[in-house]
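K.L.:
Have a look at this one before I ask anything.
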Amino acid sequence: MTGNAPFLVVGVIFLLGLYAILTERNLIKIAIGISLLEASANLLLIVLGYRTGGSVPIFTLAGDVGTMVLPTPQALTLTAIVIGLATSALLLSLVMLLYRHYGTLDVREIRRLRG
Amino acid sequence: MNWQMHLPALALAVPLLGAFLSLVVGLGGRYLRNAWMVCVSIATTAICIMLLQRVLAGGTMVYVMGAESWNFTLPSGLSWPIRIIIQVDAFSAFMAATSSIAALAGAFFSLRFMDKFTGLEKFSALYFLLVTGMLGMQITGDLFNFFVFLEIASVASFGLIAFWRDRPEAVEASFKYMVVSTVSAMFVLIAVGFLYGRYNAVNIAAVARMLHMGYAEKIALVFLVVSLAMKSGAVPMHMWTPDAYAEAPAGVTCLLVAVSQASLYGLFRVCFTLYGVTAGSVVIPWTIIIMGVLSMFIGVTMAVIQKEMKRLMAYHSVSQIGYILLALGVGLLSLKDPQAMADYGFTAMKGGIFHILNYTMYKGLLFLSAGAVFYSAGTRDLNELGGLARNMPQTTFMFVIAAAAIAGLPPFNGFVSKLLIYQTTFAVYPLLAVAALVTSVLTLASFVKVFQTAFLGPARKTFEKVVEVPASMLLGMAVLTLVIVVLTLFPGWTLSHLVEPAAKALIDQSGYISAVMGGGL
Amino acid sequence: MWEKVYSGFGYWDVYLWLLFFAIASAVVLFIRSKGRSDYKEGTEQDEIFYGSNIVPEDGGDIAVPAASAYWGFVEALKPYYNWLIELHTGIASEYVGYFMLTLAVVAVLVLL
């Protein structure tokens, strides 16, 4: 049962992020929600690769180890973190530009394009 | 060894190199930067067309990154692939060639169109990054790599849409696209995570071989299908499309059209190759068909009332995506039943894939001609435009060809693919064909409106000094016009030599798997 | 290279169409050549007839704006268009909402 706790955490963080994106009006809070989604996806990948009692997946001079955690999800997560960094940086700079142009951070007032 | 073995890797390496070096080359001034942009675009297109030629002649190509030899897919002693594999079958190569032609036209067009912007070396870097992401999505054989290239393409396109950062609308459009697109990309990543958790593999062929339906697979399928349908702009998730397409610079919009095709490619790769007949139920095919019909109808009715030229055309791309979804949804529906596949399913898929090619060409051309009007006349508002056919005869000529093609007027290529779609969807459910026909009529109606208000009518005082756009912009449009004319004059050849192999590759799931996994196990 | 396209229910031959187009154009041009040839340039035959009024200098004054195109069509479908325009609110978080809604509906249908 405790083995499934990390998945529960993934689900909670994911739903929190989604809730923030759907209900918050402030653009910065929406950006935080998106970061939470990214964090939960990364956590999911890491949790998927974990094996109980496993050690670091490095073969060279590993010594006497029984199980290792899976290395692939860690590589995937690193890539996903880098992508998340790029998106967050770009998102925040767009928010900054939007504030400069519209003078507000309310998502409901930034709607010049519609219909 | 023959250097052509490395074509799949070159198709990614050349635009990526072009992207990073254009920052360096940009230091050398405007002419050097433009020359670099032209050279890299032509090289990318040439590589993609050679790739297509080679795949059509020699079957599916596999390229393994980082292995001792390029075709060493299974490390010795293992029965599943662990390295990054690029896999190009006829459908991938077809898509890559199609999109690279659109990218070439967009690059030619952007040379002069972007004159009034600053920071152009960053523009060309982002442009080639977008091309890399697009081609990567189309030729990768790995689910996680697909996500990575999807994100590369997305981030590059956010930057390009907001490139005119002094214009509030451009930043707004980019922000909206970014929020929706990043959320959907996270769903793609979670779906990849689910599949990895079940099968310990991210290679499409390896997962497809082991796949059997359970709850995790079903949820992953839904996540992938809905997210990628959103990225290609299907109703009811199309709202970002008109904003983003209308506000991006015209050359970029031409490329964005091709990028949306890459998302469609991913959608069909997942449905046909990754899941295939294993998916079982008819819910997903019908979801795709219903999304297609809604996209066609809602897209075109919204287009009729638009008053801005590029926004009107952007709503049309929603409706044209609907045709492709409808046709390939019918193909997916008949996947399990060989009789239905032979009767109408395969022809529907041919129509759909031919429509992908046609759509990319004429839609790109329409956006470029709207950009040309904006460049010369300085406005996109149809209420203010008028009588431009006198000032811009070449642009008008190419616009008419593209508009006739998108409206499906015979003898243009759009008619041929639409004919195949009408007749085969009629066999499934007659109402689908009726919806497609009504959409076509409304498409014609709204392009008559654009032609009549922007190009015809009495000459206006405000546009007295308007002249034809520069030669390099005309060249970009001429590339696409030429392709449309060729497709129009040789539809039979195109269908049997380009489209049919692509459709066969799409339904040949075992062929895709055995190219990586070998015959055994 | 020159083959027809078969759709399983019929066929499409672009060359036949072009031939028909050429013949039709020839007929049209023939009929046009039968028209009157006593037209004189530079006289009042050459002037625009604008309901006996003086033709405005700027073409923009007599053009029909795009906003008026298909007025009847839009007017007849007013309820539908009101609903459709209300959907496109322009609010980014609602766009995410539509995405999530579609995802939920399809997920329920697939899992059932």
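Order determines the names: the first chain of the structure tokens is A, the second B, and so forth; residues in each chain are numbered 1 upward, and ligands are numbered 1 upward as they are shown.
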Considering only C-alpha atoms, return as a ChimeraX atom specification whatever protein or nucleic-acid residues lie within 8 Å of Leu22 of chain A, sequence-local ones (same chain, fewer than 3 positions apart) excluded.
P.N.:
/A:18-19 /C:93-94,96-97
K.L.:
Which residues of chain C come within 7 Å of chain B, and what is each one's closest atom pair and distance in Å (one decimal), counting only C-alpha atoms, sorted by chain and residue number, as a tab-separated table?
P.N.:
residue	atom	partner	partner_atom	distance
C:Met1	CA	B:Trp493	CA	4.9
C:Trp2	CA	B:Gly492	CA	6.7
C:Glu3	CA	B:Gly492	CA	5.3
C:Lys4	CA	B:Gly492	CA	5.6
C:Val5	CA	B:Gly492	CA	5.2
C:Ser7	CA	B:Leu420	CA	5.5
C:Phe9	CA	B:Gln423	CA	6.8
C:Val14	CA	B:Pro411	CA	6.0
C:Trp17	CA	B:Pro411	CA	6.7
C:Asp58	CA	B:Lys461	CA	5.5
C:Gly59	CA	B:Arg460	CA	4.6
C:Gly60	CA	B:Arg460	CA	5.1
C:Ala63	CA	B:Gly457	CA	6.3
C:Pro65	CA	B:Asn383	CA	4.9
C:Ala66	CA	B:Asn383	CA	5.0
C:Ala67	CA	B:Asn383	CA	6.4
C:Ala69	CA	B:Lys449	CA	6.8
C:His88	CA	B:Met239	CA	6.4
C:Ala92	CA	B:Lys176	CA	5.1
C:Tyr95	CA	B:Met239	CA	6.7
C:Val96	CA	B:Val180	CA	5.4
C:Tyr98	CA	B:Met237	CA	6.2
C:Phe99	CA	B:Met237	CA	5.6
C:Leu103	CA	B:Val226	CA	6.0
C:Val106	CA	B:Val222	CA	6.7
C:Ala107	CA	B:Val222	CA	5.9
C:Leu109	CA	B:Val283	CA	6.9
C:Val110	CA	B:Val283	CA	6.1
C:Leu111	CA	B:Lys218	CA	6.9
K.L.:
So that I have them on file, write out the residues from the current selection with N, CA and C atoms, as a PDB file, in the first residue's frame.
P.N.:
ATOM      1  N   MET C   1       1.271   7.571 -65.774  1.00  0.00           N
ATOM      2  CA  MET C   1       1.364   9.023 -65.710  1.00  0.00           C
ATOM      3  C   MET C   1       0.044   9.701 -66.081  1.00  0.00           C
ATOM      4  N   TRP C   2      -0.666   9.127 -67.041  1.00  0.00           N
ATOM      5  CA  TRP C   2      -1.869   9.801 -67.536  1.00  0.00           C
ATOM      6  C   TRP C   2      -3.141   9.075 -67.115  1.00  0.00           C
ATOM      7  N   GLU C   3      -3.030   8.221 -66.097  1.00  0.00           N
ATOM      8  CA  GLU C   3      -4.178   7.364 -65.794  1.00  0.00           C
ATOM      9  C   GLU C   3      -5.298   8.146 -65.093  1.00  0.00           C
ATOM     10  N   LYS C   4      -6.472   7.504 -65.063  1.00  0.00           N
ATOM     11  CA  LYS C   4      -7.611   8.086 -64.353  1.00  0.00           C
ATOM     12  C   LYS C   4      -7.510   7.760 -62.868  1.00  0.00           C
ATOM     13  N   VAL C   5      -8.275   8.493 -62.071  1.00  0.00           N
ATOM     14  CA  VAL C   5      -8.344   8.216 -60.641  1.00  0.00           C
ATOM     15  C   VAL C   5      -9.665   7.510 -60.379  1.00  0.00           C
ATOM     16  N   SER C   7     -12.365   5.975 -57.765  1.00  0.00           N
ATOM     17  CA  SER C   7     -12.709   6.142 -56.359  1.00  0.00           C
ATOM     18  C   SER C   7     -13.458   4.931 -55.816  1.00  0.00           C
ATOM     19  N   PHE C   9     -16.327   4.149 -56.859  1.00  0.00           N
ATOM     20  CA  PHE C   9     -17.717   4.386 -57.233  1.00  0.00           C
ATOM     21  C   PHE C   9     -17.808   5.106 -58.575  1.00  0.00           C
ATOM     22  N   VAL C  14      -8.780  14.219 -65.344  1.00  0.00           N
ATOM     23  CA  VAL C  14      -8.551  15.653 -65.436  1.00  0.00           C
ATOM     24  C   VAL C  14      -8.428  16.093 -66.896  1.00  0.00           C
ATOM     25  N   TRP C  17     -11.700  16.713 -68.498  1.00  0.00           N
ATOM     26  CA  TRP C  17     -12.232  17.982 -68.017  1.00  0.00           C
ATOM     27  C   TRP C  17     -11.578  19.150 -68.753  1.00  0.00           C
ATOM     28  N   ASP C  58     -13.464  58.346 -55.546  1.00  0.00           N
ATOM     29  CA  ASP C  58     -12.806  57.243 -54.852  1.00  0.00           C
ATOM     30  C   ASP C  58     -13.667  55.989 -54.943  1.00  0.00           C
ATOM     31  N   GLY C  59     -13.043  54.881 -55.403  1.00  0.00           N
ATOM     32  CA  GLY C  59     -13.771  53.630 -55.529  1.00  0.00           C
ATOM     33  C   GLY C  59     -14.296  53.126 -54.203  1.00  0.00           C
ATOM     34  N   GLY C  60     -13.632  53.530 -53.098  1.00  0.00           N
ATOM     35  CA  GLY C  60     -14.060  53.064 -51.787  1.00  0.00           C
ATOM     36  C   GLY C  60     -15.477  53.478 -51.433  1.00  0.00           C
ATOM     37  N   ALA C  63     -17.898  50.748 -53.102  1.00  0.00           N
ATOM     38  CA  ALA C  63     -17.669  49.322 -52.901  1.00  0.00           C
ATOM     39  C   ALA C  63     -18.576  48.794 -51.791  1.00  0.00           C
ATOM     40  N   PRO C  65     -18.775  46.709 -48.566  1.00  0.00           N
ATOM     41  CA  PRO C  65     -17.802  46.228 -47.588  1.00  0.00           C
ATOM     42  C   PRO C  65     -18.019  44.760 -47.253  1.00  0.00           C
ATOM     43  N   ALA C  66     -16.956  44.125 -46.767  1.00  0.00           N
ATOM     44  CA  ALA C  66     -17.025  42.696 -46.469  1.00  0.00           C
ATOM     45  C   ALA C  66     -18.042  42.414 -45.373  1.00  0.00           C
ATOM     46  N   ALA C  67     -18.261  43.401 -44.487  1.00  0.00           N
ATOM     47  CA  ALA C  67     -19.199  43.174 -43.383  1.00  0.00           C
ATOM     48  C   ALA C  67     -20.608  42.915 -43.904  1.00  0.00           C
ATOM     49  N   ALA C  69     -21.299  41.217 -46.673  1.00  0.00           N
ATOM     50  CA  ALA C  69     -21.393  39.997 -47.470  1.00  0.00           C
ATOM     51  C   ALA C  69     -22.162  38.932 -46.702  1.00  0.00           C
ATOM     52  N   HIS C  88     -16.336  31.236 -28.433  1.00  0.00           N
ATOM     53  CA  HIS C  88     -14.976  31.740 -28.621  1.00  0.00           C
ATOM     54  C   HIS C  88     -14.773  32.959 -27.726  1.00  0.00           C
ATOM     55  N   ALA C  92      -8.071  32.329 -22.000  1.00  0.00           N
ATOM     56  CA  ALA C  92      -7.179  31.179 -22.153  1.00  0.00           C
ATOM     57  C   ALA C  92      -7.591  30.019 -21.264  1.00  0.00           C
ATOM     58  N   TYR C  95     -10.228  27.904 -22.725  1.00  0.00           N
ATOM     59  CA  TYR C  95      -9.755  27.021 -23.796  1.00  0.00           C
ATOM     60  C   TYR C  95      -9.207  25.728 -23.204  1.00  0.00           C
ATOM     61  N   VAL C  96      -8.464  25.850 -22.087  1.00  0.00           N
ATOM     62  CA  VAL C  96      -7.987  24.642 -21.405  1.00  0.00           C
ATOM     63  C   VAL C  96      -9.179  23.836 -20.918  1.00  0.00           C
ATOM     64  N   TYR C  98     -12.154  23.566 -22.318  1.00  0.00           N
ATOM     65  CA  TYR C  98     -12.711  22.786 -23.427  1.00  0.00           C
ATOM     66  C   TYR C  98     -11.870  21.548 -23.700  1.00  0.00           C
ATOM     67  N   PHE C  99     -10.556  21.730 -23.632  1.00  0.00           N
ATOM     68  CA  PHE C  99      -9.658  20.587 -23.849  1.00  0.00           C
ATOM     69  C   PHE C  99      -9.910  19.507 -22.807  1.00  0.00           C
ATOM     70  N   LEU C 103     -11.383  15.701 -23.270  1.00  0.00           N
ATOM     71  CA  LEU C 103     -10.601  14.578 -22.764  1.00  0.00           C
ATOM     72  C   LEU C 103     -11.464  13.712 -21.857  1.00  0.00           C
ATOM     73  N   VAL C 106     -14.229  11.761 -23.898  1.00  0.00           N
ATOM     74  CA  VAL C 106     -13.682  10.632 -24.667  1.00  0.00           C
ATOM     75  C   VAL C 106     -13.203   9.539 -23.715  1.00  0.00           C
ATOM     76  N   ALA C 107     -12.587   9.927 -22.585  1.00  0.00           N
ATOM     77  CA  ALA C 107     -12.101   8.920 -21.644  1.00  0.00           C
ATOM     78  C   ALA C 107     -13.253   8.096 -21.097  1.00  0.00           C
ATOM     79  N   LEU C 109     -16.144   7.548 -22.539  1.00  0.00           N
ATOM     80  CA  LEU C 109     -16.675   6.695 -23.601  1.00  0.00           C
ATOM     81  C   LEU C 109     -15.778   5.485 -23.840  1.00  0.00           C
ATOM     82  N   VAL C 110     -14.455   5.691 -23.813  1.00  0.00           N
ATOM     83  CA  VAL C 110     -13.545   4.581 -24.088  1.00  0.00           C
ATOM     84  C   VAL C 110     -13.536   3.592 -22.929  1.00  0.00           C
ATOM     85  N   LEU C 111     -13.560   4.100 -21.710  1.00  0.00           N
ATOM     86  CA  LEU C 111     -13.453   3.198 -20.568  1.00  0.00           C
ATOM     87  C   LEU C 111     -14.740   2.431 -20.324  1.00  0.00           C
TER      88      LEU C 111
END
K.L.:
Let me make sure I understand: among B:Phe194, B:Leu189, B:Leu332, B:Met50, which one has the smallest atom-to-atom distance to Glu38 of chain A if we use only C-alpha atoms?
P.N.:
B:Leu189
K.L.:
Select from chain A every residue with an atom at most 6 Å from any atom of chain C, then for each give the shortest pair of atoms and their distance in Å to one decimal, using only C-alpha atoms, rows by chain and rising number, as CSV.
P.N.:
residue,atom,partner,partner_atom,distance
A:Leu22,CA,C:Ser93,CA,5.2
A:Arg108,CA,C:Ile91,CA,5.6
A:Arg111,CA,C:Gly90,CA,4.7
A:Leu113,CA,C:Gly90,CA,5.9
A:Arg114,CA,C:Gly90,CA,4.7
A:Gly115,CA,C:Ile85,CA,4.9
K.L.:
Generate a file of the selected residues that holds C-alpha atoms, formatted as a PDB file, in the first residue's frame.
P.N.:
ATOM      1  CA  LEU A  22      -8.755  26.297 -14.792  1.00  0.00           C
ATOM      2  CA  ARG A 108     -10.423  37.416 -18.295  1.00  0.00           C
ATOM      3  CA  ARG A 111      -9.228  38.821 -24.754  1.00  0.00           C
ATOM      4  CA  LEU A 113      -8.795  38.181 -30.003  1.00  0.00           C
ATOM      5  CA  ARG A 114     -12.177  36.509 -29.942  1.00  0.00           C
ATOM      6  CA  GLY A 115     -15.090  35.490 -32.170  1.00  0.00           C
TER       7      GLY A 115
END
K.L.:
With a cut-off of 6 Å, could you pull out the residues of chain B touching chain A and give me the nearest pair of atoms for each, distance in Å to one decimal, using only C-alpha atoms, ordered by chain and ascending number, as a Markdown table?
P.N.:
| residue | atom | partner | partner_atom | distance |
| --- | --- | --- | --- | --- |
| B:Pro168 | CA | A:His101 | CA | 5.7 |
| B:Ile190 | CA | A:Ala41 | CA | 5.9 |
| B:Gly193 | CA | A:Leu45 | CA | 5.9 |
| B:Gly197 | CA | A:Leu48 | CA | 5.8 |
K.L.:
Between B:Leu255, B:Leu267, B:Val64, B:Leu23, which is the closest to Phe108 of chain B once you count only C-alpha atoms?
P.N.:
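Closest candidate: B:Leu255.
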K.L.:
List the neighbours of Leu104 of chain B out to 10 Å using only C-alpha atoms; skip same-chain residues closer than 6 positions along the sequence, and give me the result as a short mmCIF file (atom, residue, chain, number, x, y, z; two decimals) with C-alpha atoms, in the first residue's frame.
P.N.:
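Now in out-v5.cif:
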data_model
loop_
_atom_site.label_atom_id
_atom_site.label_comp_id
_atom_site.auth_asym_id
_atom_site.auth_seq_id
_atom_site.Cartn_x
_atom_site.Cartn_y
_atom_site.Cartn_z
CA MET B 37 18.49 30.68 -44.74
CA VAL B 38 18.00 29.85 -48.42
CA CYS B 39 20.82 27.29 -48.45
CA VAL B 40 19.66 25.43 -45.34
CA SER B 41 16.04 25.38 -46.53
CA ILE B 42 16.98 24.03 -49.94
CA ALA B 43 19.28 21.44 -48.38
CA THR B 44 16.57 20.28 -45.97
CA THR B 45 13.99 19.98 -48.73
CA SER B 110 10.15 35.46 -45.05
CA VAL B 131 11.54 22.78 -38.93
CA GLY B 251 5.91 32.85 -43.65
CA CYS B 254 2.78 28.64 -43.78
CA LEU B 255 5.13 26.55 -41.64
CA GLY B 476 7.98 31.53 -52.28
CA VAL B 479 6.96 27.15 -55.39
CA LEU B 480 3.62 26.20 -53.87
#
K.L.:
Would you mind listing what lies within 12 Å of Ile58 of chain A as a VMD selection string, with only C-alpha atoms counted and same-chain residues fewer than 5 positions away left out?
P.N.:
chain A and resid 63 to 65 67 to 72
K.L.:
Run DSSP on the backbone and grab whatever in chain C lands in strand (DSSP E or B); send it over as a list in words.
P.N.:
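Here is the list: Val5, Tyr6, Tyr11 and Trp12 of chain C.
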K.L.:
Could those selected residues go to a file with C-alpha atoms, as a PDB file, in the first residue's frame?
P.N.:
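Produced file selection-v5.pdb, reproduced below:
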ATOM      1  CA  VAL C   5      -8.344   8.216 -60.641  1.00  0.00           C
ATOM      2  CA  TYR C   6     -10.824   5.545 -59.567  1.00  0.00           C
ATOM      3  CA  TYR C  11     -13.639   7.989 -61.789  1.00  0.00           C
ATOM      4  CA  TRP C  12     -12.010  11.357 -62.310  1.00  0.00           C
TER       5      TRP C  12
END
K.L.:
Could you find all residues in chain A that DSSP calls helix (DSSP H, G or I) from the backbone, and write them as a PyMOL selection string?
P.N.:
chain A and resi 2-23+27-49+71-102
